file upload.pdb (PDB, C-alpha atoms and all ligand atoms)
ATOM      1  CA  MET A  24     -25.504 -13.837 -10.791
ATOM      2  CA  ALA A  25     -23.883 -16.887  -9.213
ATOM      3  CA  GLU A  26     -23.140 -16.569  -5.520
ATOM      4  CA  GLY A  27     -19.574 -15.572  -4.613
ATOM      5  CA  VAL A  28     -18.634 -14.402  -8.095
ATOM      6  CA  ASN A  29     -16.941 -11.027  -8.419
ATOM      7  CA  THR A  30     -18.826  -8.735 -10.806
ATOM      8  CA  ASN A  31     -15.496  -7.170 -11.722
ATOM      9  CA  ASN A  32     -14.407 -10.315 -13.466
ATOM     10  CA  VAL A  33     -13.437 -10.464 -17.097
ATOM     11  CA  SER A  34     -16.331 -10.457 -19.543
ATOM     12  CA  GLY A  35     -18.280 -13.594 -20.326
ATOM     13  CA  SER A  36     -20.631 -15.596 -18.182
ATOM     14  CA  PRO A  37     -19.560 -15.599 -14.533
ATOM     15  CA  GLY A  38     -17.987 -18.871 -13.573
ATOM     16  CA  GLY A  39     -18.295 -20.206 -17.127
ATOM     17  CA  PRO A  40     -15.673 -22.381 -18.827
ATOM     18  CA  GLY A  41     -12.247 -20.742 -18.797
ATOM     19  CA  GLN A  42     -13.506 -17.940 -16.589
ATOM     20  CA  HIS A  43     -11.024 -16.556 -14.051
ATOM     21  CA  VAL A  44     -12.989 -15.977 -10.890
ATOM     22  CA  THR A  45     -11.521 -13.818  -8.150
ATOM     23  CA  ASP A  46     -12.408 -13.789  -4.470
ATOM     24  CA  PRO A  47     -15.590 -11.686  -4.027
ATOM     25  CA  ARG A  48     -13.865  -9.684  -1.257
ATOM     26  CA  LEU A  49     -11.372  -8.355  -3.789
ATOM     27  CA  PRO A  50     -12.534  -5.331  -5.838
ATOM     28  CA  LEU A  51     -10.235  -6.219  -8.761
ATOM     29  CA  SER A  52     -10.908  -8.487 -11.741
ATOM     30  CA  ALA A  53      -8.583 -11.323 -12.708
ATOM     31  CA  MET A  54      -7.322  -9.220 -15.624
ATOM     32  CA  GLN A  55      -6.635  -6.250 -13.348
ATOM     33  CA  ILE A  56      -4.707  -8.497 -10.933
ATOM     34  CA  PHE A  57      -2.679  -9.889 -13.833
ATOM     35  CA  LYS A  58      -1.816  -6.347 -15.017
ATOM     36  CA  LEU A  59      -1.052  -5.209 -11.473
ATOM     37  CA  LYS A  60       1.400  -8.017 -10.765
ATOM     38  CA  LYS A  61       3.184  -7.408 -14.059
ATOM     39  CA  ASN A  62       3.340  -3.636 -13.576
ATOM     40  CA  TRP A  63       4.348  -3.898  -9.891
ATOM     41  CA  LYS A  64       7.662  -5.459 -11.038
ATOM     42  CA  GLY A  65       8.731  -1.933 -11.996
ATOM     43  CA  VAL A  66       8.051  -0.753  -8.441
ATOM     44  CA  LYS A  67       9.680  -3.842  -6.942
ATOM     45  CA  ARG A  68      12.995  -2.959  -8.577
ATOM     46  CA  ARG A  69      12.916   0.371  -6.714
ATOM     47  CA  LEU A  70      11.043  -0.485  -3.546
ATOM     48  CA  GLU A  71      13.082   1.696  -1.183
ATOM     49  CA  ASP A  72      13.001   4.721  -3.491
ATOM     50  CA  THR A  73       9.207   4.377  -3.733
ATOM     51  CA  GLY A  74       8.942   4.150   0.069
ATOM     52  CA  VAL A  75      11.165   7.214   0.595
ATOM     53  CA  GLU A  76       8.982   9.224  -1.823
ATOM     54  CA  MET A  77       5.837   8.024  -0.002
ATOM     55  CA  LEU A  78       7.103   9.025   3.439
ATOM     56  CA  ILE A  79       8.345  12.418   2.268
ATOM     57  CA  ARG A  80       4.943  13.069   0.677
ATOM     58  CA  LEU A  81       3.157  11.883   3.828
ATOM     59  CA  PHE A  82       5.161  14.339   5.955
ATOM     60  CA  ARG A  83       4.522  17.121   3.412
ATOM     61  CA  LEU A  84       0.781  16.413   3.460
ATOM     62  CA  GLU A  85       0.515  16.054   7.242
ATOM     63  CA  PRO A  86       3.677  17.319   8.988
ATOM     64  CA  SER A  87       2.487  16.088  12.404
ATOM     65  CA  THR A  88       2.996  12.466  11.267
ATOM     66  CA  GLN A  89       6.779  12.947  11.072
ATOM     67  CA  ILE A  90       6.945  13.474  14.841
ATOM     68  CA  GLN A  91       5.579   9.949  15.315
ATOM     69  CA  PHE A  92       8.730   8.469  13.750
ATOM     70  CA  LYS A  93      11.218   8.590  16.589
ATOM     71  CA  ASN A  94      14.421   8.355  14.543
ATOM     72  CA  ILE A  95      13.266  10.761  11.854
ATOM     73  CA  ARG A  96      11.396  13.443  13.801
ATOM     74  CA  HIS A  97      14.448  15.707  14.235
ATOM     75  CA  LEU A  98      15.170  16.038  10.490
ATOM     76  CA  GLU A  99      13.866  19.432   9.520
ATOM     77  CA  THR A 100      14.299  19.565   5.742
ATOM     78  CA  GLU A 101      13.370  17.287   2.829
ATOM     79  CA  ASP A 102      17.035  17.152   1.793
ATOM     80  CA  LYS A 103      17.974  15.789   5.213
ATOM     81  CA  LEU A 104      15.093  13.302   5.048
ATOM     82  CA  ARG A 105      16.224  12.071   1.636
ATOM     83  CA  MET A 106      19.752  11.481   2.966
ATOM     84  CA  SER A 107      18.594   9.728   6.132
ATOM     85  CA  GLU A 108      19.438   6.044   6.538
ATOM     86  CA  GLU A 109      16.702   5.800   9.162
ATOM     87  CA  LEU A 110      14.094   6.998   6.675
ATOM     88  CA  GLU A 111      15.404   4.543   4.109
ATOM     89  CA  LYS A 112      15.194   1.725   6.666
ATOM     90  CA  HIS A 113      11.617   2.570   7.508
ATOM     91  CA  ALA A 114      10.748   2.901   3.820
ATOM     92  CA  GLY A 115      12.208  -0.567   3.263
ATOM     93  CA  LYS A 116      10.076  -2.148   6.011
ATOM     94  CA  MET A 117       6.906  -0.430   4.856
ATOM     95  CA  MET A 118       7.476  -1.426   1.230
ATOM     96  CA  ALA A 119       8.361  -5.023   2.148
ATOM     97  CA  SER A 120       4.887  -5.279   3.730
ATOM     98  CA  LEU A 121       3.198  -3.690   0.721
ATOM     99  CA  ASP A 122       5.166  -5.906  -1.665
ATOM    100  CA  ASP A 123       4.081  -9.024   0.217
ATOM    101  CA  ILE A 124       0.434  -7.876   0.102
ATOM    102  CA  VAL A 125       0.552  -7.044  -3.633
ATOM    103  CA  ASN A 126       2.311 -10.287  -4.571
ATOM    104  CA  ASN A 127      -0.353 -12.261  -2.698
ATOM    105  CA  ILE A 128      -3.350 -10.016  -3.361
ATOM    106  CA  ASP A 129      -5.337 -12.855  -4.942
ATOM    107  CA  ASP A 130      -4.811 -15.044  -1.863
ATOM    108  CA  VAL A 131      -7.186 -12.827   0.091
ATOM    109  CA  ASP A 132      -6.892 -14.761   3.373
ATOM    110  CA  TYR A 133      -3.109 -14.325   3.270
ATOM    111  CA  ALA A 134      -3.331 -10.635   2.283
ATOM    112  CA  MET A 135      -5.882  -9.943   5.041
ATOM    113  CA  ASP A 136      -3.701 -11.712   7.588
ATOM    114  CA  LYS A 137      -0.713  -9.579   6.580
ATOM    115  CA  ILE A 138      -2.864  -6.427   6.715
ATOM    116  CA  THR A 139      -4.008  -7.376  10.229
ATOM    117  CA  LYS A 140      -0.407  -7.871  11.359
ATOM    118  CA  VAL A 141       0.658  -4.470   9.982
ATOM    119  CA  ALA A 142      -2.354  -2.820  11.684
ATOM    120  CA  GLN A 143      -1.473  -4.489  15.006
ATOM    121  CA  GLN A 144       2.135  -3.256  14.763
ATOM    122  CA  HIS A 145       0.863   0.315  14.429
ATOM    123  CA  GLU A 146      -1.456   0.064  17.406
ATOM    124  CA  GLN A 147       1.571  -0.135  19.647
ATOM    125  CA  PHE A 148       3.039   3.151  18.334
ATOM    126  CA  GLN A 149       2.162   5.894  20.760
ATOM    127  CA  GLY A 150      -0.266   8.437  19.375
ATOM    128  CA  PHE A 151      -1.076   6.451  16.234
ATOM    129  CA  ALA A 152      -4.723   6.701  15.137
ATOM    130  CA  PRO A 153      -6.097   4.114  12.639
ATOM    131  CA  GLU A 154      -7.553   6.871  10.414
ATOM    132  CA  GLN A 155      -3.986   8.002   9.732
ATOM    133  CA  PHE A 156      -3.583   5.071   7.360
ATOM    134  CA  SER A 157      -5.904   6.863   4.898
ATOM    135  CA  LEU A 158      -3.376   9.697   4.649
ATOM    136  CA  MET A 159      -1.141   7.388   2.622
ATOM    137  CA  GLU A 160      -3.482   7.148  -0.396
ATOM    138  CA  GLN A 161      -2.222  10.150  -2.366
ATOM    139  CA  PRO A 162       1.462   9.760  -1.335
ATOM    140  CA  PHE A 163       1.315   6.156  -2.573
ATOM    141  CA  LEU A 164      -0.287   7.057  -5.921
ATOM    142  CA  ASP A 165       2.090   9.981  -6.530
ATOM    143  CA  SER A 166       5.168   7.926  -5.652
ATOM    144  CA  VAL A 167       4.247   4.945  -7.818
ATOM    145  CA  ARG A 168       3.536   7.339 -10.717
ATOM    146  CA  ILE A 169       6.935   9.019 -10.284
ATOM    147  CA  ILE A 170       8.793   5.712 -10.106
ATOM    148  CA  LEU A 171       6.988   4.077 -13.044
ATOM    149  CA  GLU A 172       7.006   7.129 -15.353
ATOM    150  CA  ASP A 173       5.327   6.148 -18.672
ATOM    151  CA  ARG A 174       4.478   2.669 -17.370
ATOM    152  CA  TYR A 175       1.949   4.414 -15.108
ATOM    153  CA  THR A 176      -0.917   4.490 -17.618
ATOM    154  CA  ASP A 177      -4.524   5.622 -17.045
ATOM    155  CA  ASN A 178      -5.500   1.974 -16.769
ATOM    156  CA  MET A 179      -2.830   1.348 -14.115
ATOM    157  CA  ASP A 180      -3.945   4.519 -12.293
ATOM    158  CA  THR A 181      -7.451   2.998 -11.978
ATOM    159  CA  ILE A 182      -5.968  -0.273 -10.697
ATOM    160  CA  TYR A 183      -3.598   1.373  -8.184
ATOM    161  CA  ARG A 184      -6.433   3.570  -6.857
ATOM    162  CA  ILE A 185      -8.612   0.497  -6.225
ATOM    163  CA  LEU A 186      -5.657  -1.389  -4.722
ATOM    164  CA  ILE A 187      -4.542   1.273  -2.255
ATOM    165  CA  LYS A 188      -8.122   2.046  -1.147
ATOM    166  CA  PHE A 189      -8.618  -1.691  -0.514
ATOM    167  CA  ILE A 190      -5.382  -2.017   1.504
ATOM    168  CA  LEU A 191      -5.771   1.199   3.518
ATOM    169  CA  SER A 192      -9.460   0.704   4.319
ATOM    170  CA  ASN A 193      -8.713  -2.807   5.552
ATOM    171  CA  LEU A 194      -5.786  -1.519   7.638
ATOM    172  CA  VAL A 195      -8.193   0.937   9.299
ATOM    173  CA  LYS A 196     -10.823  -1.808   9.829
ATOM    174  CA  ALA A 197      -8.239  -4.233  11.232
ATOM    175  CA  CYS A 198      -7.435  -1.762  14.031
ATOM    176  CA  ARG A 199     -10.988  -1.982  15.391
TER     177      ARG A 199
HETATM  178  C1  LIG A 201       0.800   1.700   3.392
HETATM  179  C2  LIG A 201       0.628   1.895   4.672
HETATM  180  C3  LIG A 201       1.639   1.512   5.716
HETATM  181  C4  LIG A 201       2.378   0.366   5.843
HETATM  182  C5  LIG A 201       2.340  -0.866   4.950
HETATM  183  C6  LIG A 201       3.231   0.534   7.007
HETATM  184  C7  LIG A 201       4.138  -0.401   7.472
HETATM  185  C8  LIG A 201       4.946  -0.242   8.575
HETATM  186  C9  LIG A 201       5.911  -1.210   9.060
HETATM  187  C10 LIG A 201       6.169  -2.581   8.424
HETATM  188  C11 LIG A 201       6.513  -0.675  10.148
HETATM  189  C12 LIG A 201       7.628  -1.304  10.966
HETATM  190  C13 LIG A 201       7.034  -1.979  12.160
HETATM  191  C14 LIG A 201       8.067  -2.437  13.161
HETATM  192  O1  LIG A 201       9.278  -2.321  12.905
HETATM  193  O2  LIG A 201       7.662  -2.923  14.232
HETATM  194  C15 LIG A 201       5.921   0.631  10.386
HETATM  195  C16 LIG A 201       6.272   1.483  11.425
HETATM  196  C17 LIG A 201       5.655   2.688  11.674
HETATM  197  N1  LIG A 201       4.634   3.266  10.951
HETATM  198 FE1  LIG A 201       3.808   2.523   9.297
HETATM  199  N2  LIG A 201       2.994   1.776   7.561
HETATM  200  C18 LIG A 201       2.025   2.392   6.800
HETATM  201  C19 LIG A 201       1.484   3.640   6.993
HETATM  202  C20 LIG A 201       1.760   4.461   8.055
HETATM  203  C21 LIG A 201       1.172   5.778   8.247
HETATM  204  C22 LIG A 201       0.174   6.467   7.310
HETATM  205  C23 LIG A 201       1.701   6.267   9.392
HETATM  206  C24 LIG A 201       1.339   7.633   9.929
HETATM  207  C25 LIG A 201       1.805   8.192  10.997
HETATM  208  C26 LIG A 201       2.610   5.258   9.941
HETATM  209  C27 LIG A 201       3.340   5.346  11.118
HETATM  210  C28 LIG A 201       4.293   4.457  11.547
HETATM  211  C29 LIG A 201       5.143   4.685  12.721
HETATM  212  C30 LIG A 201       5.075   5.889  13.648
HETATM  213  C31 LIG A 201       6.004   3.573  12.791
HETATM  214  C32 LIG A 201       7.096   3.360  13.833
HETATM  215  C33 LIG A 201       8.382   3.992  13.335
HETATM  216  C34 LIG A 201       9.480   3.977  14.369
HETATM  217  O3  LIG A 201      10.023   2.889  14.598
HETATM  218  O4  LIG A 201       9.778   5.034  14.877
HETATM  219  N3  LIG A 201       2.641   4.178   9.089
HETATM  220  N4  LIG A 201       4.990   0.878   9.402
END

call {"tool": "encode", "arguments": {"input": "upload.pdb", "output": "structure tokens"}}
result
Amino acid sequence: MAEGVNTNNVSGSPGGPGQHVTDPRLPLSAMQIFKLKKNWKGVKRRLEDTGVEMLIRLFRLEPSTQIQFKNIRHLETEDKLRMSEELEKHAGKMMASLDDIVNNIDDVDYAMDKITKVAQQHEQFQGFAPEQFSLMEQPFLDSVRIILEDRYTDNMDTIYRILIKFILSNLVKACR
């Protein structure tokens, strides 16, 4: 196989005429990136709602994480969390970062730079451990599925799983 060519690329000879070659660091084929960007538009329209669902699911999965959010830690029920402007604000910031990464996922240098910046921001939050990023995998997948409803197909599930593993593992690595 030619050097630097992603084996996940669309069928045909790697690097051949008309072949869409993706950056070898990216575990998604050109076709998967195309589908992702198209499908992500459905999430983009409801970015904050997706972020609120993610945070609520993160706190449900690992309640100790809620204490790390200084303006949210005192809210003791999910109903109160859902009504909180502070939670919504945080959801908005988190999703703006994810949106920027997804929109530029094929510009891997840019995406990695953004990932590094997000990781650095977290290092300054007291008590934050890099491994905590991995906790967001299932909350992300569940939230995107809820928001997209029938647009969340089995094929998109495969793509979102690869995407979120890629982002979260690089967030963890960028903290080292
Ligand atoms: C998809 C993964 C994540 C992304 C993209 C993300 C993004 C962000 C962004 C953009 C901010 C705002 C930074 C600032 O205003 O300076 C933030 C704050 C924060 N994040 Fe994350 N985050 C992620 C996952 C997590 C996880 C899993 C935790 C677990 C504890 C976490 C904990 C925090 C805390 C404690 C803050 C500070 C909130 C405050 O101001 O009280 N983040 N995050």

call {"tool": "residues_around", "arguments": {"input": "upload.pdb", "residues": "segment 189-191 of chain A", "least_positions_apart": "2", "cutoff": "12 Å", "atoms": "only C-alpha atoms", "output": "compact mmCIF listing (two decimals) with C-alpha atoms, keeping the file's coordinate frame"}}
result
# COMPACT_ATOMS: atom_id res chain seq x y z
CA ARG A 48 -13.86 -9.68 -1.26
CA LEU A 49 -11.37 -8.36 -3.79
CA PRO A 50 -12.53 -5.33 -5.84
CA LEU A 51 -10.24 -6.22 -8.76
CA SER A 120 4.89 -5.28 3.73
CA LEU A 121 3.20 -3.69 0.72
CA ASP A 122 5.17 -5.91 -1.66
CA ASP A 123 4.08 -9.02 0.22
CA ILE A 124 0.43 -7.88 0.10
CA VAL A 125 0.55 -7.04 -3.63
CA ILE A 128 -3.35 -10.02 -3.36
CA VAL A 131 -7.19 -12.83 0.09
CA ALA A 134 -3.33 -10.64 2.28
CA MET A 135 -5.88 -9.94 5.04
CA ASP A 136 -3.70 -11.71 7.59
CA LYS A 137 -0.71 -9.58 6.58
CA ILE A 138 -2.86 -6.43 6.72
CA THR A 139 -4.01 -7.38 10.23
CA VAL A 141 0.66 -4.47 9.98
CA ALA A 142 -2.35 -2.82 11.68
CA PRO A 153 -6.10 4.11 12.64
CA GLU A 154 -7.55 6.87 10.41
CA GLN A 155 -3.99 8.00 9.73
CA PHE A 156 -3.58 5.07 7.36
CA SER A 157 -5.90 6.86 4.90
CA LEU A 158 -3.38 9.70 4.65
CA MET A 159 -1.14 7.39 2.62
CA GLU A 160 -3.48 7.15 -0.40
CA GLN A 161 -2.22 10.15 -2.37
CA PHE A 163 1.32 6.16 -2.57
CA ILE A 182 -5.97 -0.27 -10.70
CA TYR A 183 -3.60 1.37 -8.18
CA ARG A 184 -6.43 3.57 -6.86
CA ILE A 185 -8.61 0.50 -6.22
CA LEU A 186 -5.66 -1.39 -4.72
CA ILE A 187 -4.54 1.27 -2.26
CA ASN A 193 -8.71 -2.81 5.55
CA LEU A 194 -5.79 -1.52 7.64
CA VAL A 195 -8.19 0.94 9.30
CA LYS A 196 -10.82 -1.81 9.83
CA ALA A 197 -8.24 -4.23 11.23
CA CYS A 198 -7.44 -1.76 14.03

call {"tool": "closest_residue", "arguments": {"input": "upload.pdb", "among": "A:Leu104, A:Val167, A:Val44, A:Met77", "to": "ligand LIG 201 (chain A)", "atoms": "all atoms listed in the file"}}
result
A:Met77

call {"tool": "residues_near_point", "arguments": {"input": "upload.pdb", "point": "(3.0, 12.5, 4.3)", "cutoff": "8 Å", "atoms": "only C-alpha atoms", "output": "PyMOL selection string"}}
result
chain A and resi 77-86+88-89+158-159+162

call {"tool": "closest_residue", "arguments": {"input": "upload.pdb", "among": "A:Asn94, A:Asn178, A:Gln55, A:Ser192", "to": "ligand LIG 201 (chain A)", "atoms": "all atoms listed in the file"}}
result
A:Asn94

call {"tool": "closest_residue", "arguments": {"input": "upload.pdb", "among": "A:Met179, A:Leu164, A:Ile95, A:Met117", "to": "ligand LIG 201 (chain A)", "atoms": "only C-alpha atoms and all ligand atoms"}}
result
A:Met117

call {"tool": "atom_distance", "arguments": {"input": "upload.pdb", "atom1": "atom CA of Lys140 of chain A", "atom2": "atom C1 of ligand LIG 201 (chain A)"}}
result
12.5 Å

call {"tool": "atom_distance", "arguments": {"input": "upload.pdb", "atom1": "atom C10 of ligand LIG 201 (chain A)", "atom2": "atom CA of Lys116 of chain A"}}
result
4.6 Å

call {"tool": "atom_distance", "arguments": {"input": "upload.pdb", "atom1": "atom CA of Asp102 of chain A", "atom2": "atom C29 of ligand LIG 201 (chain A)"}}
result
20.4 Å

call {"tool": "closest_residue", "arguments": {"input": "upload.pdb", "among": "A:Met106, A:Leu70, A:Ala152, A:Ile169", "to": "ligand LIG 201 (chain A)", "atoms": "all atoms listed in the file"}}
result
A:Ala152

call {"tool": "closest_residue", "arguments": {"input": "upload.pdb", "among": "A:Gln143, A:Ser52, A:Ser166, A:Thr181", "to": "Arg199 of chain A", "atoms": "all atoms listed in the file"}}
result
A:Gln143

call {"tool": "resolve_selection", "arguments": {"input": "upload.pdb", "expression": "the PyMOL selection byres (((chain A and resi 149) around 12) and not hetatm)", "output": "PyMOL selection string"}}
result
chain A and resi 88+90-93+144-148+150-153

call {"tool": "closest_residue", "arguments": {"input": "upload.pdb", "among": "A:Leu171, A:Ala119, A:Leu98, A:Ile56", "to": "ligand LIG 201 (chain A)", "atoms": "only C-alpha atoms and all ligand atoms"}}
result
A:Ala119

call {"tool": "axis_aligned_box", "arguments": {"input": "upload.pdb", "around": "ligand LIG 201 (chain A)", "padding_each_side": "3 Å", "output": "JSON"}}
result
{"center_x": 5.1, "center_y": 2.6, "center_z": 9.1, "size_x": 15.8, "size_y": 17.1, "size_z": 17.5}

call {"tool": "decode", "arguments": {"input": "upload.pdb", "residues": "segment 110-153 of chain A", "atoms": "C-alpha atoms", "output": "PDB file, in the first residue's frame"}}
result
ATOM      1  CA  LEU A 110     -25.929  24.363  32.269  1.00  0.00           C
ATOM      2  CA  GLU A 111     -27.192  25.629  28.932  1.00  0.00           C
ATOM      3  CA  LYS A 112     -24.276  28.076  28.735  1.00  0.00           C
ATOM      4  CA  HIS A 113     -21.762  25.351  29.423  1.00  0.00           C
ATOM      5  CA  ALA A 114     -23.481  23.036  26.943  1.00  0.00           C
ATOM      6  CA  GLY A 115     -23.210  25.788  24.331  1.00  0.00           C
ATOM      7  CA  LYS A 116     -19.453  26.232  24.866  1.00  0.00           C
ATOM      8  CA  MET A 117     -18.776  22.507  24.817  1.00  0.00           C
ATOM      9  CA  MET A 118     -20.821  21.997  21.652  1.00  0.00           C
ATOM     10  CA  ALA A 119     -19.245  25.005  19.908  1.00  0.00           C
ATOM     11  CA  SER A 120     -15.869  23.264  20.364  1.00  0.00           C
ATOM     12  CA  LEU A 121     -17.211  19.933  19.125  1.00  0.00           C
ATOM     13  CA  ASP A 122     -18.919  21.619  16.172  1.00  0.00           C
ATOM     14  CA  ASP A 123     -15.673  23.321  15.170  1.00  0.00           C
ATOM     15  CA  ILE A 124     -13.808  19.988  15.388  1.00  0.00           C
ATOM     16  CA  VAL A 125     -16.445  18.094  13.360  1.00  0.00           C
ATOM     17  CA  ASN A 126     -16.700  20.785  10.679  1.00  0.00           C
ATOM     18  CA  ASN A 127     -12.917  20.703  10.252  1.00  0.00           C
ATOM     19  CA  ILE A 128     -12.309  17.012  10.939  1.00  0.00           C
ATOM     20  CA  ASP A 129     -10.603  16.496   7.574  1.00  0.00           C
ATOM     21  CA  ASP A 130      -8.165  19.341   8.282  1.00  0.00           C
ATOM     22  CA  VAL A 131      -6.435  17.184  10.876  1.00  0.00           C
ATOM     23  CA  ASP A 132      -3.839  19.802  11.874  1.00  0.00           C
ATOM     24  CA  TYR A 133      -6.642  22.270  12.627  1.00  0.00           C
ATOM     25  CA  ALA A 134      -8.747  19.665  14.477  1.00  0.00           C
ATOM     26  CA  MET A 135      -5.736  18.550  16.547  1.00  0.00           C
ATOM     27  CA  ASP A 136      -4.913  22.151  17.403  1.00  0.00           C
ATOM     28  CA  LYS A 137      -8.482  22.732  18.595  1.00  0.00           C
ATOM     29  CA  ILE A 138      -8.390  19.479  20.593  1.00  0.00           C
ATOM     30  CA  THR A 139      -5.138  20.603  22.243  1.00  0.00           C
ATOM     31  CA  LYS A 140      -6.677  23.954  23.188  1.00  0.00           C
ATOM     32  CA  VAL A 141      -9.743  22.286  24.741  1.00  0.00           C
ATOM     33  CA  ALA A 142      -7.475  19.877  26.673  1.00  0.00           C
ATOM     34  CA  GLN A 143      -5.370  22.792  27.965  1.00  0.00           C
ATOM     35  CA  GLN A 144      -8.500  24.633  29.151  1.00  0.00           C
ATOM     36  CA  HIS A 145      -9.464  21.598  31.234  1.00  0.00           C
ATOM     37  CA  GLU A 146      -6.052  21.262  32.831  1.00  0.00           C
ATOM     38  CA  GLN A 147      -6.691  24.485  34.684  1.00  0.00           C
ATOM     39  CA  PHE A 148      -9.940  23.200  36.257  1.00  0.00           C
ATOM     40  CA  GLN A 149      -9.182  22.032  39.756  1.00  0.00           C
ATOM     41  CA  GLY A 150      -9.513  18.296  40.222  1.00  0.00           C
ATOM     42  CA  PHE A 151      -9.897  17.528  36.517  1.00  0.00           C
ATOM     43  CA  ALA A 152      -8.197  14.292  35.418  1.00  0.00           C
ATOM     44  CA  PRO A 153      -7.553  13.709  31.668  1.00  0.00           C
TER      45      PRO A 153
END
